[in-house]
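To start, the structure under review is shown below, and the notes come after it.
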Amino acid sequence: MLFTDTLKKNYEFRRLYARGKSAVTPFLVVYARLARRETRRVGFTVSNKLGKAVVRNRVRRRLREIYRLHEAEFVPGAELVVVARGRAVGAQYRQLERAMLDACKRLGVWRPGTP
RNA sequence: CAAGCAGGCUGAACGACCGCGGGCAUGAGCCGAAAGGCUGUGCGUGAGGAAAGUCCGGGCUCCGCAGGGCAAGGAUAACGGGUAACGCCCGCCAGGGGUGACCCUCGGACAAGUGCAACAGAGAGAUACCGCCCCGGCGCAGCUGCGCCCGGGGUAAGGGUGGAAAGGCGAGGUAAGAGCUCACCCGCCGCGUGGAGACACGUCGGCGCUGUAAACUCUAUCCGGAGCAACGCCGUGGAGGAACAGUGAGGUCGGCCCGACCGUUCCGGGGAGGCGGCUUGAGCCUGUCAGCAAUGGCAGGCCACAGACAGAUGGUCGUUCAGGGAUCUUUCAAGGUCCCGGACAGAACCCGGCUUACAGGCCCGCUUGCGUU
RNA sequence: ACCGGGAUUGUGUAAAGGUAGCACGCCGGACUCUGACUCCGUCUGUGAGGGUUCGAAUCCUUCUCCCGGUG
């Protein structure tokens with residue numbers, strides 16, 4: 001993913017939970033903040049309460065694919081953490097996409113149509 | 001043809017666009033003194049039969065340990081073989097089930113000792129409640145019989161209880177009975193024959209012993225502990241130690257002055273982090289030999305058979321192939337159209353098993369029944 | 001990765017292999033003009049499958065779910 005790093009360390013996640021703003025939908029929660037840097041950073045969390053390994057992997061792959069297809073429309077310097085909720089397991093791809101973009105728009109990190 | 005039994009294999013295919021991890025190459029670009037790194041490009045590659053549960057057994061690494069024995073704790077349990085090893089696998093024995101193919105069984109010892117066996121029942125490792133029989137006493141009738149809220153003794157045949165009542169059944173025997181005796185049968189011990197063995201068969205002899213060890217226990221065999229977050233290497237800062245230097249120089253902040261702050265180098269342990277461990281192995285394929293088989297020997301070939309570390313196979317679709325439903329044509333078979341729609345499930349150090357989950361499809365062998373020749 | 005604990009009626013909990021109780025609650029009845037309190041009575045259960053045993057909540061085994069610990 002061009003101009004994007006993944007969040008890896010646990011303290012990076014905890015910093016967003018503590019300092020970032022959040023937006024909630026029935027399918028997922030997005031935490032976000034803006035950093036003074038050119039690259040965007042993103043992390044995905046799928047708890048083991050959501051299901052078995054196959055189910056969790058599928059949810060995470062779809063969330064990552066949604067981000068990848070809309071990557072250029074995100075604000076540079078954004079840091080995101082996307083946390084899947086229980087309803088995301090049986091959701092359609094289009095439902096997840098709409099939920100994630102809507103949450104990011106409310107947080108001001110997504111500007112549609114301005115790559 | 002129908003019903004069934006057992007074993008093995010497989011785990012939808014092809015394509016379009018956009019993406020991901022690892023490897024190799026690179027006379028491409030950028031960074032770097034270099035080693036190399038990042039990006040790009042090209043080639044090839046990338047989940048399973050259970051990858052799962054983590055229930056056993058190993059490899060590997062570190063810790064402990066002279067060698068041996070005993071105790072504690074844990075595990076296993078007919079017999080023979082296979083294996084690196086196993087609690088696994090194969091064969092076989094015994095018992096049980098099925099017409100049969102075949103299937104099931106935590107299958108040592110209660111005849112070493114201890115414990116437990118509720119309720120019911122007279123009595124649960126022995127017992128005398130009813131009953132039966134004998135003797136005595138009393139009463140009635142009369143030379144023997146009948147009766148008793150009577151006493152003493154014998155008995156385990158009959159009654160009923162129980163999961164289980166002390167071998168079974170028949171005959172003899174007896175006052176009534178009893179393996180008390182005998183024939184047949186059953187079980188255990190011993191002996192003989194066969195077998196590698198568990199065992200099987202025979203019976204001359206002895207004995208008749210309840211069940212329970214997934215109760216304590218006994219017998220035989222095995223087991224040091226921990227786990228790749230093991231372990232090894234590198235290791236900014238901070239803290240510690242040593243050596244050296246000492247009021248001027250140097251460094252940081254700052255456009256500059258003023259001003260403010262700061263000793264330098266080395267050492268060992270090592271938190272964060274990084275790298276290795278990491279994928280070639282009790283390996284896979286083919287043939288052949290030994291064996292009923294599990295499996296093993298030999299010969300040839302192969303490296304295609306993942307190596308991530310917030311963790312790579314996805315997203316959006318199309319066509320076909322299975323499958324299901326509705327409807328139409330039709331006597332049925334079969335065909336057309338539309339819709340739905342793809343089992344269980346995702347490697348995390350690696351192997352051998354076990355257990356559990358699973359839509360379907362295919363192959364081989366066998367049994368029983370029916371029909372035809 | 002390694003390792004514990006647990007599951008009993010709607011809830012909380014007992015039960016040495018031998019009839020599964022107790023408290024609260026629910027429901028019904030009594031008391032009351034009605035309700036509350038009180039009293040009486042009833043219903044409801046061993047997480048699932050298999051095994052050992054004459055007999056299993058208890059013993060053995062395979063699963064399911066929940067809670068927790070260490071690094």
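Chain labels run A, B, ... following the order of the structure tokens; each chain numbers its residues from 1, and ligands are numbered from 1 in the order shown.
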
Non-local contacts of region 180-187 of chain B (8 Å; only C-alpha atoms (C1' of nucleotides); under 2 positions in same chain excluded) as a VMD selection string: chain B and resid 167 to 168 172 to 173 178

I need the residues from that last selection saved to file as a tab-separated table (two decimals), in the first residue's frame (with C-alpha atoms (C1' of nucleotides)), if you can.
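This is the output file result-v3.tsv:
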```tsv
chain	number	residue	atom	x	y	z
B	167	G	C1'	-22.29	-75.32	41.74
B	168	G	C1'	-26.91	-77.26	38.06
B	172	G	C1'	-29.73	-93.36	45.40
B	173	G	C1'	-29.92	-92.40	50.41
B	178	A	C1'	-27.75	-82.37	52.57
```

What are the residues of chain B that have an atom within 12 Å of an atom of chain A, counting only C-alpha atoms (C1' of nucleotides), as a JSON list (two decimals) with C-alpha atoms (C1' of nucleotides), in the first residue's frame?
```
[["chain", "number", "residue", "atom", "x", "y", "z"],
["B", 18, "C", "C1'", -7.51, -4.79, -8.99],
["B", 19, "G", "C1'", -4.23, -6.51, -4.68],
["B", 20, "C", "C1'", -0.79, -9.62, -0.75],
["B", 39, "U", "C1'", 11.20, 1.02, -4.77],
["B", 47, "A", "C1'", -2.74, -23.72, 3.70],
["B", 51, "A", "C1'", -3.69, -27.09, 9.31],
["B", 52, "A", "C1'", -8.47, -27.83, 14.71],
["B", 272, "A", "C1'", 12.65, -1.92, 24.55],
["B", 273, "G", "C1'", 13.84, -3.30, 19.72],
["B", 309, "C", "C1'", 5.47, -12.07, 13.00],
["B", 310, "A", "C1'", -1.05, -6.81, 14.00],
["B", 311, "G", "C1'", 0.49, -12.35, 11.15],
["B", 312, "A", "C1'", 0.35, -13.32, 3.57],
["B", 313, "U", "C1'", -4.65, -16.84, -0.81],
["B", 314, "G", "C1'", -8.57, -11.54, -0.72],
["B", 315, "G", "C1'", -12.31, -8.19, -3.34],
["B", 316, "U", "C1'", -15.79, -7.51, -7.58],
["B", 344, "C", "C1'", -15.78, -28.78, 7.88],
["B", 345, "A", "C1'", -12.37, -25.38, 8.19],
["B", 346, "G", "C1'", -6.70, -21.14, 7.93],
["B", 347, "A", "C1'", 0.06, -23.30, 8.82]]
```

In chain A, DSSP strand (DSSP E) residues written as a PyMOL selection string: chain A and resi 4-6+21-24+28-34+40-45+78-84

Mind dumping the selected residues with C-alpha atoms as an mmCIF file, in the first residue's frame?
```cif
data_model
loop_
_atom_site.group_PDB
_atom_site.id
_atom_site.type_symbol
_atom_site.label_atom_id
_atom_site.label_comp_id
_atom_site.auth_asym_id
_atom_site.auth_seq_id
_atom_site.Cartn_x
_atom_site.Cartn_y
_atom_site.Cartn_z
ATOM 1 C CA THR A 4 0.724 3.648 4.192
ATOM 2 C CA ASP A 5 2.294 1.782 7.087
ATOM 3 C CA THR A 6 0.518 -0.667 9.357
ATOM 4 C CA LYS A 21 -11.595 10.460 18.223
ATOM 5 C CA SER A 22 -14.018 7.624 17.520
ATOM 6 C CA ALA A 23 -17.048 6.907 15.375
ATOM 7 C CA VAL A 24 -19.364 3.941 15.940
ATOM 8 C CA LEU A 28 -17.375 -1.489 13.367
ATOM 9 C CA VAL A 29 -15.711 1.267 15.389
ATOM 10 C CA VAL A 30 -13.098 3.624 13.923
ATOM 11 C CA TYR A 31 -10.550 5.496 16.022
ATOM 12 C CA ALA A 32 -8.630 8.243 14.225
ATOM 13 C CA ARG A 33 -6.236 11.158 14.696
ATOM 14 C CA LEU A 34 -3.982 13.288 12.511
ATOM 15 C CA ARG A 40 -0.988 7.321 6.519
ATOM 16 C CA ARG A 41 -1.047 4.565 9.110
ATOM 17 C CA VAL A 42 -3.802 2.037 9.732
ATOM 18 C CA GLY A 43 -4.462 -0.960 11.953
ATOM 19 C CA PHE A 44 -7.241 -3.534 12.093
ATOM 20 C CA THR A 45 -8.512 -5.341 15.180
ATOM 21 C CA ALA A 78 -4.180 10.048 9.238
ATOM 22 C CA GLU A 79 -3.816 7.294 11.801
ATOM 23 C CA LEU A 80 -6.706 4.842 11.957
ATOM 24 C CA VAL A 81 -7.677 1.832 14.019
ATOM 25 C CA VAL A 82 -10.648 -0.147 12.776
ATOM 26 C CA VAL A 83 -12.253 -2.467 15.313
ATOM 27 C CA ALA A 84 -14.760 -5.003 14.026
#
```

Point-to-point distance from C1' of U8 (chain C) to C1' of G50 (chain C), Å rounded to tenths: 21.1 Å

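Using only C-alpha atoms (C1' of nucleotides), the residues found no farther than 12 Å from region 241-244 of chain B, other than those of its own chain fewer than 6 positions away, are G263, U264, U265, C266, C267, G268 and G269 of chain B.
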
For the residues selected in the previous step, produce a file with N, CA and C atoms (P, O5', C5', C4', C3', O3' and C1' of nucleotides) as a PDB file, in the first residue's frame.
```
ATOM      1  P     G B 263      28.097  17.222  32.868  1.00  0.00           P
ATOM      2  O5'   G B 263      29.520  17.290  32.154  1.00  0.00           O
ATOM      3  C5'   G B 263      29.930  16.198  31.340  1.00  0.00           C
ATOM      4  C4'   G B 263      31.155  16.564  30.569  1.00  0.00           C
ATOM      5  C3'   G B 263      31.703  15.467  29.687  1.00  0.00           C
ATOM      6  O3'   G B 263      31.133  15.518  28.383  1.00  0.00           O
ATOM      7  C1'   G B 263      33.424  16.285  31.089  1.00  0.00           C
ATOM      8  P     U B 264      30.674  14.154  27.669  1.00  0.00           P
ATOM      9  O5'   U B 264      32.058  13.521  27.195  1.00  0.00           O
ATOM     10  C5'   U B 264      32.807  14.102  26.138  1.00  0.00           C
ATOM     11  C4'   U B 264      34.132  13.401  25.971  1.00  0.00           C
ATOM     12  C3'   U B 264      34.059  11.901  25.726  1.00  0.00           C
ATOM     13  O3'   U B 264      33.832  11.596  24.363  1.00  0.00           O
ATOM     14  C1'   U B 264      35.648  12.342  27.428  1.00  0.00           C
ATOM     15  P     U B 265      33.049  10.245  23.982  1.00  0.00           P
ATOM     16  O5'   U B 265      34.101   9.099  24.352  1.00  0.00           O
ATOM     17  C5'   U B 265      35.248   8.878  23.544  1.00  0.00           C
ATOM     18  C4'   U B 265      36.204   7.907  24.209  1.00  0.00           C
ATOM     19  C3'   U B 265      35.673   6.497  24.420  1.00  0.00           C
ATOM     20  O3'   U B 265      35.749   5.698  23.251  1.00  0.00           O
ATOM     21  C1'   U B 265      36.738   7.247  26.404  1.00  0.00           C
ATOM     22  P     C B 266      34.681   4.493  23.077  1.00  0.00           P
ATOM     23  O5'   C B 266      35.105   3.424  24.177  1.00  0.00           O
ATOM     24  C5'   C B 266      36.293   2.656  24.028  1.00  0.00           C
ATOM     25  C4'   C B 266      36.660   1.932  25.303  1.00  0.00           C
ATOM     26  C3'   C B 266      35.721   0.832  25.764  1.00  0.00           C
ATOM     27  O3'   C B 266      35.932  -0.385  25.067  1.00  0.00           O
ATOM     28  C1'   C B 266      36.297   2.189  27.613  1.00  0.00           C
ATOM     29  P     C B 267      34.747  -1.463  24.917  1.00  0.00           P
ATOM     30  O5'   C B 267      34.536  -2.027  26.394  1.00  0.00           O
ATOM     31  C5'   C B 267      35.515  -2.866  27.002  1.00  0.00           C
ATOM     32  C4'   C B 267      35.157  -3.185  28.436  1.00  0.00           C
ATOM     33  C3'   C B 267      33.848  -3.928  28.645  1.00  0.00           C
ATOM     34  O3'   C B 267      33.988  -5.318  28.433  1.00  0.00           O
ATOM     35  C1'   C B 267      34.017  -2.153  30.210  1.00  0.00           C
ATOM     36  P     G B 268      33.083  -6.079  27.336  1.00  0.00           P
ATOM     37  O5'   G B 268      32.064  -6.910  28.225  1.00  0.00           O
ATOM     38  C5'   G B 268      32.535  -7.839  29.213  1.00  0.00           C
ATOM     39  C4'   G B 268      31.736  -7.746  30.487  1.00  0.00           C
ATOM     40  C3'   G B 268      30.243  -8.008  30.352  1.00  0.00           C
ATOM     41  O3'   G B 268      29.938  -9.387  30.349  1.00  0.00           O
ATOM     42  C1'   G B 268      30.587  -6.047  31.610  1.00  0.00           C
ATOM     43  P     G B 269      28.813  -9.945  29.345  1.00  0.00           P
ATOM     44  O5'   G B 269      27.465  -9.678  30.144  1.00  0.00           O
ATOM     45  C5'   G B 269      27.142 -10.458  31.302  1.00  0.00           C
ATOM     46  C4'   G B 269      26.068  -9.796  32.113  1.00  0.00           C
ATOM     47  C3'   G B 269      24.721  -9.600  31.416  1.00  0.00           C
ATOM     48  O3'   G B 269      23.911 -10.768  31.471  1.00  0.00           O
ATOM     49  C1'   G B 269      25.360  -7.585  32.442  1.00  0.00           C
TER      50        G B 269
END
```

Nearby residues (only C-alpha atoms (C1' of nucleotides)) at most 9 Å from region 297-304 of chain B, same-chain spacing under 3 positions excluded, as a ChimeraX atom specification: /B:280,284-290

Take the residues that were just selected and, keeping C-alpha atoms (C1' of nucleotides), output them as a tab-separated table (two decimals), in the first residue's frame.
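Output saved as out04.tsv:
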```
chain	number	residue	atom	x	y	z
B	280	U	C1'	15.79	-31.15	3.71
B	284	C	C1'	8.37	-37.55	-1.55
B	285	C	C1'	7.75	-40.64	-6.22
B	286	U	C1'	8.52	-45.26	-9.07
B	287	G	C1'	9.95	-50.34	-9.27
B	288	U	C1'	11.19	-54.83	-6.84
B	289	C	C1'	11.85	-58.41	-2.76
B	290	A	C1'	10.28	-60.42	2.33
```

Spatial neighbours of G49 (chain C), 12 Å, only C-alpha atoms (C1' of nucleotides), chain gap at least 4 places, as a list in words: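 Answer for this query is U61, U62, C63 and U64 of chain C.
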
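From C1' of A229 (chain B) back to C1' of C2 (chain C), the distance works out to 11.1 Å.
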
Close residues, A157 (chain B) itself excluded, 10 Å, only C-alpha atoms (C1' of nucleotides), min 5 positions apart in chain, as an MDAnalysis selection string: chainID B and resid 132 176:178

Report as a short mmCIF file (atom, residue, chain, number, x, y, z; two decimals) with C-alpha atoms, in the first residue's frame: the residues of region 5-115 of chain A with a DSSP assignment of alpha helix (DSSP H), based on the backbone of this structure.
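Listing of selection_38.cif after writing:
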```cif
data_model
loop_
_atom_site.label_atom_id
_atom_site.label_comp_id
_atom_site.auth_asym_id
_atom_site.auth_seq_id
_atom_site.Cartn_x
_atom_site.Cartn_y
_atom_site.Cartn_z
CA ASN A 10 0.43 -2.38 21.24
CA TYR A 11 1.31 1.12 22.55
CA GLU A 12 0.39 2.58 19.16
CA PHE A 13 -3.07 1.07 19.43
CA ARG A 14 -3.48 2.18 23.01
CA ARG A 15 -2.48 5.73 22.10
CA LEU A 16 -5.33 5.91 19.59
CA TYR A 17 -7.85 4.45 21.98
CA ALA A 18 -6.84 7.08 24.57
CA ARG A 19 -6.19 10.18 22.43
CA ALA A 53 -9.80 -18.19 12.78
CA VAL A 54 -11.49 -18.50 9.40
CA VAL A 55 -14.18 -16.01 10.35
CA ARG A 56 -11.75 -13.50 11.84
CA ASN A 57 -9.41 -13.67 8.85
CA ARG A 58 -12.27 -13.10 6.45
CA VAL A 59 -13.46 -10.02 8.32
CA ARG A 60 -9.95 -8.56 8.47
CA ARG A 61 -9.28 -9.18 4.79
CA ARG A 62 -12.47 -7.44 3.78
CA LEU A 63 -11.71 -4.44 5.99
CA ARG A 64 -8.22 -4.20 4.54
CA GLU A 65 -9.59 -4.46 1.01
CA ILE A 66 -12.05 -1.64 1.69
CA TYR A 67 -9.21 0.56 2.90
CA ARG A 68 -7.00 -0.38 -0.08
CA LEU A 69 -9.58 0.49 -2.69
CA TYR A 93 -19.25 -6.38 1.63
CA ARG A 94 -21.21 -3.29 0.57
CA GLN A 95 -22.61 -2.84 4.09
CA LEU A 96 -19.13 -2.94 5.59
CA GLU A 97 -17.82 -0.52 2.99
CA ARG A 98 -20.59 1.99 3.61
CA ALA A 99 -20.17 1.72 7.39
CA MET A 100 -16.42 2.26 7.31
CA LEU A 101 -16.47 5.16 4.87
CA ASP A 102 -19.32 6.81 6.73
CA ALA A 103 -17.46 6.59 10.04
CA CYS A 104 -14.27 7.96 8.48
CA LYS A 105 -16.18 10.83 6.89
CA ARG A 106 -17.62 11.81 10.25
#
```

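With C1' of G48 (chain B) on one side and C1' of A343 (chain B) on the other, the separation reads 13.9 Å.
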